[in-house]
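These notes are about the structure you will find just below.
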Amino acid sequence: MGELEFTVEASKSRSGLHAERKLAFIVDKHGKIKRLDERLPGQATGKVYRQGYSRKIKVALEPGYYGIQIRLVKNSRGHVKGSIIVYDHNGKELLTAVLRRRKVRLSRGNPEYSWIVERIIEHLGLEGFIRRYNWNTGARRDAVL
């Protein structure tokens with residue numbers, strides 16, 4: 001059983017034109033999703049923008065569970081981009097996906113864990129926002145290591 005550290009943040013600029021969200025989830029091997037809430041005990045950290053909150057939360061995961069860290073940034077034009085990182089119970093990074101121009105693509109890692117990213121996006125209600133998934137790009141972790 002390993003311990004992972006996730007950041008949960010919701011901050012925005014003074015003008016309200018820029019915003020950043022960091023969300024954390026735990027997914028089991030059956031696809032059941034649990035969101036890590038900002039009310040969990042954790043250490044307060046520095047936030048990106050002036051208004052809002054940010055905190056680090058430590059979580060112990062059992063084998064068969066995956067930790068997911070999502071980072072979404074909204075710019076002044078309202079465009080959203082970000083990344084989704086999937087970790088195993090030991091804290092090893094299994095997959096990194098990026099979100100740009102309403103498309104999700106593999107950045108690095110093993111595409112067999114792409115089902116986790118799709119389930120999280122569905123859980124967040126963003127499936128109508130995403131136009132396409134591309135799991136055939138990026139660096140394969142097997143080839144890198």
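Ligands are numbered from 1 in the order shown, chains are lettered A, B, ... in the order of the structure tokens, and residues start at 1 in each chain.
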Set the distance at 9 Å and use only C-alpha atoms: which residues neighbour Val8 of chain A once local chain neighbours fewer than 5 positions away are removed? I'd like the list as a PyMOL selection string.
chain A and resi 21-24+36-38+53-57+69
Grab the residues selected above and save them as a tab-separated table (two decimals), in the first residue's frame with N, CA and C atoms.
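Saved result, out-v6.tsv, follows:
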chain	number	residue	atom	x	y	z
A	21	ARG	N	-8.17	24.81	-11.92
A	21	ARG	CA	-8.77	23.80	-11.06
A	21	ARG	C	-7.87	22.58	-11.07
A	22	LYS	N	-7.65	22.04	-9.90
A	22	LYS	CA	-6.96	20.77	-9.76
A	22	LYS	C	-7.87	19.87	-8.96
A	23	LEU	N	-8.17	18.73	-9.53
A	23	LEU	CA	-9.08	17.77	-8.91
A	23	LEU	C	-8.35	16.45	-8.72
A	24	ALA	N	-8.75	15.68	-7.73
A	24	ALA	CA	-8.15	14.38	-7.48
A	24	ALA	C	-9.26	13.35	-7.29
A	36	LEU	N	-11.77	13.12	-4.20
A	36	LEU	CA	-11.13	13.61	-2.98
A	36	LEU	C	-11.55	15.06	-2.79
A	37	ASP	N	-12.16	15.32	-1.68
A	37	ASP	CA	-12.75	16.63	-1.41
A	37	ASP	C	-11.75	17.55	-0.73
A	38	GLU	N	-11.92	18.85	-0.93
A	38	GLU	CA	-11.03	19.82	-0.30
A	38	GLU	C	-11.23	19.88	1.21
A	53	TYR	N	-8.63	28.60	-3.09
A	53	TYR	CA	-7.94	27.77	-2.10
A	53	TYR	C	-7.07	26.74	-2.81
A	54	SER	N	-6.14	26.18	-2.07
A	54	SER	CA	-5.30	25.09	-2.56
A	54	SER	C	-4.79	24.31	-1.36
A	55	ARG	N	-4.81	22.99	-1.46
A	55	ARG	CA	-4.29	22.16	-0.37
A	55	ARG	C	-3.79	20.84	-0.91
A	56	LYS	N	-2.82	20.28	-0.22
A	56	LYS	CA	-2.27	18.97	-0.56
A	56	LYS	C	-2.91	17.94	0.35
A	57	ILE	N	-3.32	16.83	-0.26
A	57	ILE	CA	-3.99	15.76	0.46
A	57	ILE	C	-3.20	14.48	0.25
A	69	GLN	N	-4.96	12.66	-11.00
A	69	GLN	CA	-4.79	14.09	-10.77
A	69	GLN	C	-5.17	14.81	-12.06
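Omitting segment 106-115 of chain A and its sequence neighbours fewer than 6 positions away, and counting only C-alpha atoms, the residues within 10 Å are Gly31, Tyr66, Ser83, Ile84, Ile85, Val86, Tyr87, Glu93, Leu94, Leu95, Thr96, Ala97, Val98, Leu99, Ile121, Tyr133, Asn134, Trp135, Asn136, Thr137, Gly138, Ala139, Arg140, Arg141, Asp142, Ala143 and Val144 of chain A.
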Could those residues be written to a file, using N, CA and C atoms, as a PDB file, in the first residue's frame?
ATOM      1  N   GLY A  31     -14.091   0.440 -11.897  1.00  0.00           N
ATOM      2  CA  GLY A  31     -14.532   1.714 -12.456  1.00  0.00           C
ATOM      3  C   GLY A  31     -15.308   2.593 -11.490  1.00  0.00           C
ATOM      4  N   TYR A  66      -6.479   3.196  -8.408  1.00  0.00           N
ATOM      5  CA  TYR A  66      -5.707   4.161  -9.188  1.00  0.00           C
ATOM      6  C   TYR A  66      -5.994   5.566  -8.673  1.00  0.00           C
ATOM      7  N   SER A  83      -4.377  18.639 -18.168  1.00  0.00           N
ATOM      8  CA  SER A  83      -3.766  17.315 -18.208  1.00  0.00           C
ATOM      9  C   SER A  83      -4.451  16.407 -17.195  1.00  0.00           C
ATOM     10  N   ILE A  84      -4.375  15.109 -17.488  1.00  0.00           N
ATOM     11  CA  ILE A  84      -4.924  14.085 -16.614  1.00  0.00           C
ATOM     12  C   ILE A  84      -3.836  13.037 -16.425  1.00  0.00           C
ATOM     13  N   ILE A  85      -3.455  12.789 -15.185  1.00  0.00           N
ATOM     14  CA  ILE A  85      -2.388  11.837 -14.883  1.00  0.00           C
ATOM     15  C   ILE A  85      -2.973  10.708 -14.050  1.00  0.00           C
ATOM     16  N   VAL A  86      -2.670   9.463 -14.443  1.00  0.00           N
ATOM     17  CA  VAL A  86      -3.153   8.275 -13.742  1.00  0.00           C
ATOM     18  C   VAL A  86      -1.958   7.622 -13.053  1.00  0.00           C
ATOM     19  N   TYR A  87      -2.101   7.368 -11.745  1.00  0.00           N
ATOM     20  CA  TYR A  87      -1.064   6.718 -10.949  1.00  0.00           C
ATOM     21  C   TYR A  87      -1.581   5.377 -10.443  1.00  0.00           C
ATOM     22  N   GLU A  93       3.583   6.590 -12.283  1.00  0.00           N
ATOM     23  CA  GLU A  93       2.753   7.217 -13.312  1.00  0.00           C
ATOM     24  C   GLU A  93       2.497   6.201 -14.435  1.00  0.00           C
ATOM     25  N   LEU A  94       1.219   5.910 -14.671  1.00  0.00           N
ATOM     26  CA  LEU A  94       0.851   4.935 -15.701  1.00  0.00           C
ATOM     27  C   LEU A  94       0.504   5.590 -17.029  1.00  0.00           C
ATOM     28  N   LEU A  95      -0.135   6.756 -16.970  1.00  0.00           N
ATOM     29  CA  LEU A  95      -0.613   7.407 -18.186  1.00  0.00           C
ATOM     30  C   LEU A  95      -0.738   8.906 -17.943  1.00  0.00           C
ATOM     31  N   THR A  96      -0.368   9.681 -18.951  1.00  0.00           N
ATOM     32  CA  THR A  96      -0.609  11.116 -18.942  1.00  0.00           C
ATOM     33  C   THR A  96      -1.344  11.469 -20.220  1.00  0.00           C
ATOM     34  N   ALA A  97      -2.485  12.109 -20.072  1.00  0.00           N
ATOM     35  CA  ALA A  97      -3.277  12.562 -21.222  1.00  0.00           C
ATOM     36  C   ALA A  97      -3.370  14.079 -21.150  1.00  0.00           C
ATOM     37  N   VAL A  98      -3.386  14.733 -22.316  1.00  0.00           N
ATOM     38  CA  VAL A  98      -3.523  16.182 -22.358  1.00  0.00           C
ATOM     39  C   VAL A  98      -4.838  16.534 -23.037  1.00  0.00           C
ATOM     40  N   LEU A  99      -5.398  17.647 -22.604  1.00  0.00           N
ATOM     41  CA  LEU A  99      -6.640  18.165 -23.160  1.00  0.00           C
ATOM     42  C   LEU A  99      -6.332  19.518 -23.788  1.00  0.00           C
ATOM     43  N   ILE A 121     -13.826  11.620 -17.259  1.00  0.00           N
ATOM     44  CA  ILE A 121     -14.437  12.678 -18.067  1.00  0.00           C
ATOM     45  C   ILE A 121     -15.954  12.513 -18.092  1.00  0.00           C
ATOM     46  N   TYR A 133     -11.071  11.535 -28.818  1.00  0.00           N
ATOM     47  CA  TYR A 133      -9.986  10.929 -28.053  1.00  0.00           C
ATOM     48  C   TYR A 133      -8.972  10.368 -29.043  1.00  0.00           C
ATOM     49  N   ASN A 134      -7.682  10.493 -28.726  1.00  0.00           N
ATOM     50  CA  ASN A 134      -6.634   9.924 -29.564  1.00  0.00           C
ATOM     51  C   ASN A 134      -5.651   9.206 -28.651  1.00  0.00           C
ATOM     52  N   TRP A 135      -5.745   7.893 -28.608  1.00  0.00           N
ATOM     53  CA  TRP A 135      -4.886   7.099 -27.736  1.00  0.00           C
ATOM     54  C   TRP A 135      -3.714   6.490 -28.499  1.00  0.00           C
ATOM     55  N   ASN A 136      -3.523   6.840 -29.777  1.00  0.00           N
ATOM     56  CA  ASN A 136      -2.456   6.254 -30.581  1.00  0.00           C
ATOM     57  C   ASN A 136      -1.239   7.155 -30.713  1.00  0.00           C
ATOM     58  N   THR A 137      -1.137   8.218 -29.915  1.00  0.00           N
ATOM     59  CA  THR A 137      -0.004   9.125 -29.991  1.00  0.00           C
ATOM     60  C   THR A 137       0.806   9.050 -28.707  1.00  0.00           C
ATOM     61  N   GLY A 138       1.826   9.867 -28.617  1.00  0.00           N
ATOM     62  CA  GLY A 138       2.592   9.979 -27.382  1.00  0.00           C
ATOM     63  C   GLY A 138       3.669   8.923 -27.255  1.00  0.00           C
ATOM     64  N   ALA A 139       4.497   9.106 -26.248  1.00  0.00           N
ATOM     65  CA  ALA A 139       5.587   8.172 -25.978  1.00  0.00           C
ATOM     66  C   ALA A 139       5.072   7.008 -25.156  1.00  0.00           C
ATOM     67  N   ARG A 140       5.377   5.843 -25.590  1.00  0.00           N
ATOM     68  CA  ARG A 140       4.996   4.638 -24.837  1.00  0.00           C
ATOM     69  C   ARG A 140       5.967   4.471 -23.690  1.00  0.00           C
ATOM     70  N   ARG A 141       5.452   4.220 -22.527  1.00  0.00           N
ATOM     71  CA  ARG A 141       6.315   4.058 -21.351  1.00  0.00           C
ATOM     72  C   ARG A 141       7.246   2.872 -21.535  1.00  0.00           C
ATOM     73  N   ASP A 142       6.784   1.810 -22.182  1.00  0.00           N
ATOM     74  CA  ASP A 142       7.635   0.635 -22.382  1.00  0.00           C
ATOM     75  C   ASP A 142       8.852   0.993 -23.219  1.00  0.00           C
ATOM     76  N   ALA A 143       8.657   1.842 -24.231  1.00  0.00           N
ATOM     77  CA  ALA A 143       9.765   2.209 -25.102  1.00  0.00           C
ATOM     78  C   ALA A 143      10.700   3.196 -24.419  1.00  0.00           C
ATOM     79  N   VAL A 144      10.164   4.017 -23.506  1.00  0.00           N
ATOM     80  CA  VAL A 144      10.975   5.026 -22.834  1.00  0.00           C
ATOM     81  C   VAL A 144      11.862   4.386 -21.782  1.00  0.00           C
TER      82      VAL A 144
END
Residues within 12 Å of Arg77 of chain A, only C-alpha atoms, excluding chain neighbours under 4 positions, as a list in words:
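Skipping anything fewer than 4 positions along the chain leaves Gly16, Leu17, His18, Ala19, Val73 and Lys81 of chain A.
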Kindly indicate which residue among A:Thr45, A:Ser76, A:Ser11, A:Asn90 lies nearest to Glu62 of chain A, using only C-alpha atoms for the distances.
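Comparing A:Thr45, A:Ser76, A:Ser11, A:Asn90 against Glu62 of chain A, the winner is A:Asn90.
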In chain A, what's helix (DSSP H, G or I) per DSSP? Answer as a ChimeraX atom specification?
/A:111-124,141-144
Nearest candidate to Ile33 of chain A (options A:Glu122, A:Asp88, A:Glu20, A:Glu3; using only C-alpha atoms):
A:Glu122
Run DSSP on the backbone and grab whatever in segment 28-100 of chain A lands in strand (DSSP E or B); send it over as JSON, numbers by chain.
{"A": [28, 33, 34, 35, 43, 44, 51, 52, 53, 54, 55, 56, 57, 58, 59, 60, 61, 65, 66, 67, 68, 69, 70, 71, 72, 73, 74, 80, 81, 82, 83, 84, 85, 86, 87, 93, 94, 95, 96, 97, 98, 99, 100]}
Give me the residues within 6 Å of Phe25 of chain A as a ChimeraX atom specification, counting only C-alpha atoms and dropping any in the same chain fewer than 3 places off.
/A:34-36,67-68
For a test of reading the model, state the distance in Å between atom CA of Phe6 of chain A and atom CA of His89 of chain A, rounded to one decimal.
12.9 Å
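Closest to Val80 of chain A among A:Pro63, A:Leu40, A:Ile130, A:Gly52 is A:Ile130, based on only C-alpha atoms.
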